[in-house]
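structure.cif (mmCIF, C-alpha atoms) appears below.
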data_entry
loop_
_atom_site.label_atom_id
_atom_site.label_comp_id
_atom_site.auth_asym_id
_atom_site.auth_seq_id
_atom_site.Cartn_x
_atom_site.Cartn_y
_atom_site.Cartn_z
CA MET A 1 -2.04 1.61 5.76
CA ASP A 2 0.59 -0.87 7.05
CA MET A 3 -0.56 -4.20 5.65
CA ASN A 4 2.21 -6.07 7.49
CA ALA A 5 0.73 -4.77 10.76
CA THR A 6 -2.49 -6.62 9.92
CA ALA A 7 -0.64 -9.96 9.94
CA ILE A 8 1.20 -9.09 13.15
CA GLN A 9 -1.99 -8.00 14.96
CA LEU A 10 -3.83 -11.08 13.69
CA THR A 11 -1.11 -13.40 14.98
CA GLN A 12 -0.92 -11.66 18.35
CA ALA A 13 -4.70 -11.70 18.91
CA PHE A 14 -4.91 -15.34 17.78
CA ASN A 15 -2.13 -16.39 20.15
CA ARG A 16 -3.87 -14.58 23.04
CA HIS A 17 -6.97 -16.64 22.15
CA ASP A 18 -8.98 -13.44 21.82
CA PRO A 19 -11.69 -14.03 19.17
CA ALA A 20 -13.07 -10.50 19.60
CA ALA A 21 -9.65 -8.94 18.96
CA VAL A 22 -9.24 -11.06 15.84
CA GLY A 23 -12.78 -10.14 14.81
CA ARG A 24 -12.02 -6.43 15.04
CA LEU A 25 -9.45 -6.93 12.26
CA TYR A 26 -12.21 -8.23 9.95
CA SER A 27 -15.08 -6.43 8.25
CA VAL A 28 -18.57 -7.15 9.59
CA ASP A 29 -19.43 -8.96 6.33
CA GLN A 30 -16.12 -10.81 5.95
CA VAL A 31 -15.94 -14.27 4.39
CA THR A 32 -13.49 -16.92 5.60
CA LEU A 33 -12.85 -20.05 3.55
CA LEU A 34 -11.30 -23.13 5.21
CA PRO A 35 -10.73 -26.67 3.91
CA GLY A 36 -13.66 -29.01 4.49
CA LEU A 37 -15.97 -26.38 5.97
CA PRO A 38 -18.73 -24.19 4.56
CA PRO A 39 -17.83 -20.49 4.21
CA VAL A 40 -17.79 -18.56 7.49
CA THR A 41 -19.64 -15.32 6.74
CA GLY A 42 -19.71 -12.31 9.03
CA ARG A 43 -17.54 -11.13 11.89
CA ALA A 44 -19.66 -12.78 14.60
CA ALA A 45 -19.45 -16.17 12.84
CA LYS A 46 -15.66 -15.77 12.53
CA GLU A 47 -15.37 -15.05 16.26
CA GLU A 48 -17.61 -18.01 17.12
CA MET A 49 -15.54 -20.34 14.93
CA LEU A 50 -12.29 -19.18 16.55
CA ALA A 51 -13.74 -19.57 20.05
CA GLY A 52 -14.57 -23.18 19.16
CA TYR A 53 -11.02 -23.86 18.01
CA PHE A 54 -9.60 -22.25 21.16
CA ARG A 55 -11.83 -24.50 23.32
CA ALA A 56 -10.76 -27.57 21.38
CA PHE A 57 -7.07 -26.60 21.39
CA PRO A 58 -6.34 -24.52 24.53
CA ASP A 59 -2.66 -24.24 23.58
CA LEU A 60 -3.27 -23.39 19.91
CA ARG A 61 -0.49 -21.21 18.44
CA LEU A 62 0.01 -19.53 15.12
CA GLU A 63 3.48 -18.74 13.83
CA ILE A 64 3.74 -16.64 10.66
CA PRO A 65 7.37 -16.03 9.69
CA LEU A 66 6.56 -15.05 6.09
CA VAL A 67 4.30 -12.12 5.17
CA ILE A 68 4.07 -10.74 1.64
CA CYS A 69 1.98 -7.64 0.91
CA SER A 70 0.88 -6.68 -2.58
CA GLY A 71 -1.85 -4.18 -3.34
CA GLU A 72 -4.91 -5.11 -1.31
CA TYR A 73 -3.58 -8.58 -0.43
CA VAL A 74 -1.59 -9.95 2.48
CA VAL A 75 -0.22 -13.46 2.01
CA CYS A 76 1.00 -15.27 5.12
CA GLU A 77 2.78 -18.61 5.41
CA GLY A 78 3.43 -20.39 8.67
CA THR A 79 2.34 -23.14 11.02
CA MET A 80 -0.45 -23.75 13.47
CA SER A 81 0.02 -26.18 16.34
CA GLY A 82 -1.87 -27.30 19.39
CA THR A 83 -3.19 -30.20 21.44
CA ASN A 84 -6.80 -31.30 21.14
CA THR A 85 -7.94 -31.46 24.77
CA GLY A 86 -11.48 -30.13 24.30
CA PRO A 87 -14.45 -31.06 22.10
CA LEU A 88 -14.15 -30.01 18.46
CA GLU A 89 -17.12 -28.83 16.41
CA SER A 90 -17.35 -30.34 12.94
CA PRO A 91 -19.93 -30.45 10.17
CA GLU A 92 -20.87 -33.91 11.53
CA GLY A 93 -21.37 -32.60 15.07
CA GLU A 94 -19.21 -32.34 18.17
CA MET A 95 -16.22 -34.69 18.35
CA PRO A 96 -14.69 -35.57 21.72
CA ALA A 97 -11.10 -34.56 22.43
CA THR A 98 -8.46 -36.93 21.11
CA GLY A 99 -5.62 -35.71 23.35
CA ARG A 100 -3.40 -35.63 20.27
CA SER A 101 -1.18 -32.80 19.06
CA VAL A 102 -1.19 -31.34 15.58
CA THR A 103 1.26 -29.20 13.66
CA LEU A 104 0.07 -27.94 10.30
CA PRO A 105 1.75 -25.80 7.68
CA LEU A 106 -0.72 -23.21 6.46
CA ALA A 107 -1.14 -20.23 4.20
CA LEU A 108 -3.55 -17.34 4.51
CA ILE A 109 -4.52 -15.07 1.66
CA LEU A 110 -6.18 -11.99 3.09
CA LYS A 111 -7.95 -9.37 0.99
CA VAL A 112 -7.91 -6.10 2.92
CA GLY A 113 -10.38 -3.32 2.20
CA PRO A 114 -9.62 0.42 2.02
CA ASP A 115 -10.68 0.68 5.68
CA GLY A 116 -7.83 -1.67 6.66
CA LEU A 117 -10.17 -4.53 7.61
CA VAL A 118 -9.95 -8.05 6.19
CA GLN A 119 -12.81 -8.65 3.77
CA ARG A 120 -11.86 -12.16 2.68
CA ASP A 121 -9.68 -14.78 4.37
CA HIS A 122 -8.81 -17.87 2.37
CA THR A 123 -6.86 -20.16 4.69
CA TYR A 124 -5.20 -23.24 3.21
CA PHE A 125 -3.99 -26.27 5.15
CA ASP A 126 -3.92 -30.02 4.55
CA GLU A 127 -7.21 -31.23 5.99
CA ALA A 128 -6.23 -34.90 5.56
CA SER A 129 -3.06 -34.35 7.61
CA PHE A 130 -5.08 -32.51 10.28
CA LEU A 131 -7.52 -35.44 10.61
CA LYS A 132 -4.69 -38.02 10.55
CA GLN A 133 -2.73 -36.21 13.27
CA LEU A 134 -5.89 -36.18 15.40
CA GLY A 135 -6.18 -39.93 14.85
CA LEU A 136 -9.52 -39.57 13.07
CA THR A 137 -8.35 -41.19 9.83
CA GLY A 138 -5.79 -43.86 8.95
#
Show me this structure written as structure tokens.
Amino acid sequence: MDMNATAIQLTQAFNRHDPAAVGRLYSVDQVTLLPGLPPVTGRAAKEEMLAGYFRAFPDLRLEIPLVICSGEYVVCEGTMSGTNTGPLESPEGEMPATGRSVTLPLALILKVGPDGLVQRDHTYFDEASFLKQLGLTG
């Protein structure tokens, strides 16, 4: 199994804004952990979450120049950037678009099962910087 291919396929599907294609890289019972949000459990929930981000940031892009594979893990480091021109779902409800751009360094730690599908995705980024860039905090 080519673990590096997982990161490449994930980036390509993400940048095409294709939640279903991203979802096909994840197990049906996957768990995604993101800063400030409850765990996203299951492939359908992952796809729904991504669709929401793509609506909120129609130009959202993921760049992952560093991929390290070790055993069942793929570690990715890169940036995510986009402009918030659509409503954004949050734990507090829907927030209107701010029209502001964000660029965030991020890291993904992916645990890949023997079937080649991502079982666990722990994505790290600076939530405070994200909110500040959107103009939602001082």
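The set of residues that the PyMOL selection byres ((chain A and resi 76) around 9) takes from this file is A:Ala7, A:Ile64, A:Pro65, A:Leu66, A:Val67, A:Ile68, A:Cys69, A:Val74, A:Val75, A:Glu77, A:Gly78, A:Leu106, A:Ala107, A:Leu108, A:Ile109, A:Leu110.
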Ground truth for the PyMOL selection byres ((chain A and resi 121) around 12), written as a ChimeraX atom specification: /A:7,10,23,25-27,29-35,39-43,46,73-76,107-113,117-120,122-124
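Nearest to Asn84 in chain A of all the residues A:Pro105, A:Pro114, A:Gly71, A:Gly135 is A:Gly135, based on only C-alpha atoms.
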Applying the PyMOL selection byres ((chain A and resi 130) around 12) to the file I just gave you, which residues come out? Please list them as number ranges by chain. A: 35-36, 79-84, 100-106, 124-129, 131-138
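Between CA of Ala51 in chain A and CA of Thr6 in chain A lies a distance of 19.9 Å.
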Taking all atoms listed in the file into account, name the residue in A:Leu37, A:Ile8, A:Met49, A:Val28 that is nearest to Pro91 in chain A. A:Leu37
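A straight line drawn from CA of His17 in chain A to CA of Pro87 in chain A is 16.2 Å long.
Minimum atom-to-atom distances from A:Asn4, A:Glu72, A:Gln12, A:Phe57 to Thr98 in chain A were compared using all atoms listed in the file, and the lowest value belongs to A:Phe57.
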Nearest to Ala20 in chain A: which of A:Glu47, A:Asp2, A:Glu89, A:Asp115 is it, counting all atoms listed in the file? A:Glu47
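You can rank A:Ala56, A:Gly116, A:Ser70, A:Pro19 by their closest distance to Pro96 in chain A using all atoms listed in the file, and at the top of that list sits A:Ala56.
When CA of Glu92 in chain A is paired with CA of Phe54 in chain A, their separation reads 18.9 Å.
The residue that comes closest to Pro58 in chain A, out of A:Ala45, A:Gly93, A:Arg16, A:Val22 and on the basis of all atoms listed in the file, is A:Arg16.
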